[in-house]
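Worksheet: the structure to be examined is printed underneath.
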Amino acid sequence: MTSLPASTDRRLGLVIDLDICVGCQACVVNCKAWNTGGYGAPLADSEPWGENPSGAWLNRVHGFEAGTGNAAAIIHFPKSCLHCDDAPCVTVCPTGASIKRSEDGIVLVDEAKCMGCGLCAWACPYGAREMDPAEGVMKKCTLCVDRIYNENLPEIDREPACVRTCPANARHFGDFDDPDSPVSRLTRERGGVDLMPEQATRPVNKYLLPTERDGAAKLEADGFNLADYADREPHGILAWVDRALERI
Amino acid sequence: MNEHPVNLSPAVADEIRKTTCYMCACRCGVDVHVRDGRIRYIQGNRDHPVNKGVLCAKGSAGMLHLESPARLRAPLLRTGPRGSGQFEEISWEQALRTASDWLAETRKRNPKRLAFFTGRDQSQALTGWWAQQYGTPNHAAHGGFCSVNMAAGGIYSIGGSFWEFAQPDWERSRMLLLFGVAEDHDSNPIKLGLAEMRRNGARIISVNPVRTGYSAIADSWIGITPGTDGMLILSLVGELIRTRRIDADALRQRTNAAWLVRQGPPERAGLFARNEDGKPLVVDGQSGQLTAYDAPGVIPTLGQDAELADGERARTVFSLAVEKYLADEYRPEAAAEITGIPAARIRGLAAEIARTAFEEAYEVDHPWTDIQGTRHPTTLARPVAVHAMRGISAHANGFQTCRALHLLQMLLGVVDCPGGTRFKPPYPKPVEAHKRPGKPQQPGQPLTGPPLGYPLAPEDLLVDDAGEAVRLDKAFSWEAPLSAHGMMHAVIPNAAAGDPYPIELLFLYMANMAWNSSMNTPGAMQALTEVDGNGEYRIPKIIVADAFASETVAYADLVLPDTSYLERYDCISLLDRPIGEPDLIADAIRHPVVETRGDVRPFQDVLLDLGSRLGLPGFNDRSGNPNWKDYAHYMAMREFRPGIGPLAGWRGAKGDLSGRGEPNERQLQQYIDAGGFWTEKLPREALFFKHVNAAYQEWAVKIGLIDAPAPFMLQLWSEPVQKFRLASLGFGDCQPPERLRRRIQEEFDPLPVWRALPDAGSDEFPLHAITQRPMAMYHSWGSQNPWLRQLHADNRLYVPAEICAEAGIADGDWAWLESRIGRIRVQVRRMQAVNSKTVWTWNAIGKRSGAWRLHPNAPEARNGFLLNHLIPDRDAGGSMANSDPITGQAAWFDLRVRLRPAETPGSEPRFSPQPDPPGLPEAPSELRYGREWTR
């Protein structure tokens, strides 16, 4: 068993905006591209050109459909490690490989200690950990720990790859302990939520839910109908044109 | 507990090389991180005007293109029967000699017998010129089967369309109308823009049969029946007119709405009344006199008829439009029947558009001067933006639908205004500023102009004395007079049928015509191998240039292996598909960021080499040596007009001039030093209403986009279109064949109309079937990319839940999908967020077994499928291409189908596995990319 820090100096994490995520998979692939040459073992792919291509990814986007008729909607749901305060993946680890950093709250796997038993993936209610098919070690989001402090990168680029690449600006990175950070503000202003709070994992990452889409109903209910203009029904084209010109 | 030391600052790259992405046609700037000569990572270039730092899934996976076992590695010559995959590797010298021998023979006999078509079109300024100098009219890029309706509809109406031509004013718009935009087109800029609009609280309305991607996050989704967008738009137009919610000033000042249209004599009816200088006439509201539309001080009337000097009557464009769109056929109740959208919703949408355009209008602090010299202290923002793409254009009624959308913009006054859809230089350009298609001369002589252009009148067509096609694809014939991008989809069927004539040589660059880029794919595959009575191939010789072992490479006689986009020079030119933004002009290059793998050559180098070997005019100097040593040299040194070359940045001997200036030997290095692109801001007064903006016109001349100011009015009424209709009525020397007379008369309406699709109302095939391109995959290119194919390794047919219920099909079941030309077996995914009469799937995911060096039983072949097998390449009569009758645009989305349960699983049809070309490496069973940099 591995213990969690009593508290962390900072609580780094992501705000993911489901209201604007178009499901383009940019974060998914850019994450893989950065991390396969970064922290820990490469993110291997088996049968890359073969019959059953599969691989280890730190971030995936799922699509769900909800509702019917005009109210039918598709929700794109990006999912990666939420760096929980009460991370069950850490406490379940028999070797001490799964850790939560006291300085910033990032949950990492020390691959040198990981024996690939998979208990942590079983304990994670979010399915956010994946076993590397080649190395047999557990892979997970590092919040790009090798980017966010990296002095070889310009300061502006010291953020996770998924955040930097997101074309829809649906991902935000920062310290949730800082009430003035963009992630804190967004969470406050937009009512950011925990994923599956009943699991009592106290995730650091927050999701902004899709706003109500109006479908047909709102358009019609808003009263932008032509009642206002009903008295303007034209009598012949020329009459119409003349009156239009007078008016405009 | 934190004993785990982490290297927080690992080395990232030895060097960051900035170039232009080509994982799709979006042309984003990329920072390629090179380490140990390999690519460690690719990110978006923050300074780049297109993507501003972000990068999509495709671009992020670019380095795996280099790893593909499907990469061709040397020129190949066919040794077995065509399609058998039996090739031998040959040297480049042998390959180029073979190609130039074949090309020279055909050119000497009859240059028309060469059909040279390119799938990708970012070097069209070179490929078009090559074809012109060779003397064959049979050249085009893929626009005819992509979105020529959008392009031509825009050029003939407002001097430009969307994407490269114009984009929504993301910053200032309050409302965006997205028509038929799938997951791409334009890729990153749309996502950036939607996010900006969402932040600003602007509304996004998506009209699309399918609610995925951008439609999924839209505030409002209108799940229209495919092919009926034109009816919806014209119904909106009718409602706006009926309620007088139109911008009369914009119509008077910036469009031809006030121009007088002759009502007679019959041979000139529908043409503009003109003065002796040829200037269109208006009635001046102050004097009541007939006056040139652009006379100083004129205030044209929109509604007043006039009697012309010759005694004939004339009516304004506007009064003709009012009469047309107030007719009952465009009433919301009538439109509801056709579009599937309730009348109340159409009225609601019209009112919401009007409210945004007129009640949310505001003045922007941008003084400007119009071309008549009138000073405007501010610019009026009407914050309604529009963007549309292939969803509305890939129908046989697409040209008129695209025109209808521009009509809507013109009536609202939202063309190139703040908050509207804004042009990107070098657009807008009046249609007259484009060239006419060049005509063939004697063998050995170039065409009279570039092979593609924009006809203005029947005289510009490429037809023989009988009125029949000169081109193999029948572009610019009476079957498709305004086919400005050619009709690549008709090339292979026509060549095999010898209709209108047989060819000797088919030369394809980067076009997967034996698979996902053809209609009736089985027919195309057969056509490529069909033999005549003597056992000779009907298409005698085929040269294919490509970087990968695609389905089409298998049918080549000679394969010219291309490089990847990371290993070459390329030119994203203002003369081609520019990358500017509304506020700035820009162009860009690609340059080699890694060493080339294999004995492969950039196609443009090869084309220049062939041009020189053939001695095409302009390719060699007086002593017969090539004018350019390679494409990079060409990019810097070629001049089209004095001072104007492929690239506009760093011109002149000192490299300090923009736009105009003599060639500069160091130009490419200056591009590389600047991050791979050049950009310059427009003058502040030139930003809006560019077509009538004095500062813009002056700037465009200075920078070399035009040689003299070319202001123009937006065209509600299209006189070129009317000229074709007049011909169909029997007027003029250039007459359509009798069989097409009625069709031309019906289709060539100078005002936008909606016409039912040819197969509409089919009881036998009650469903519409369409495709969309996923955001993470581009055509077939992504298929050999291990990361991208994990996202889309196979595809399902998405079927409305009610249709599943009716047909007794459950989610995950297999079903037969049938059209009038065949059937395919597909796996069904039940869906709610789709138009109730429409089924759809992802485009180009299904692969031929064995192609692209994928395992023969890969999911792409096992479960993936192409809708293309069901799409007829001919119209219902069987004699003409399945195309828009005006532009020849491939009518992909007119497909009608029916669905029934299948008893057994697995996609059908299956073709014999495609053999690998020789010499390619085994596909590794595992990939651990980046291993050398990890610890």
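Identifiers for the structure tokens are assigned positionally: chains receive A, B, ... in sequence, residues are indexed from 1 per chain, and ligands are indexed from 1 in the order shown.
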Pick out the chain B residues within 6 Å of chain A. Count only C-alpha atoms. Give them as a PyMOL selection string. chain B and resi 2+8-9+41+54-57+60+188+191-192+195+213-214+216-217+219-220+243+303+348+351-352+775+786+832-833+854-855+857-858+925-928+930-931+933-935
For region 143-157 of chain B, find every residue with an atom within 6 Å (counting only C-alpha atoms), except residues of its own chain fewer than 2 positions away, and show them as a list in words. Ala141, Gly159, Gly160, Ser161, Arg390, Ser393, Gly398, Phe399, Cys402, Arg403, Val431, His485, Gly486, Met487, Gln715, Gln889 and Ala890 of chain B
Please return as a count of residues only: the residues of region 49-164 of chain B that backbone DSSP assigns to helix (DSSP H, G or I). 55
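Note that CA of Met777 (chain B) and CA of Ala484 (chain B) are 27.4 Å apart.
Here CA of Met63 (chain B) is placed at a distance of 18.2 Å from CA of His792 (chain B).
With only C-alpha atoms as the atoms that count, the minimum distance from Leu119 (chain A) to the choices A:Val193, A:Leu82, A:Met138, A:Cys93 is reached by A:Cys93.
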For Pro179 (chain A), which of A:Asp17, A:Phe64, A:Cys81, A:Arg11 is the closest residue, counting only C-alpha atoms?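 That would be A:Arg11, the residue with the smallest distance to Pro179 (chain A).
What separates CA of His395 (chain B) from CA of Leu866 (chain B) is a distance of 18.5 Å.
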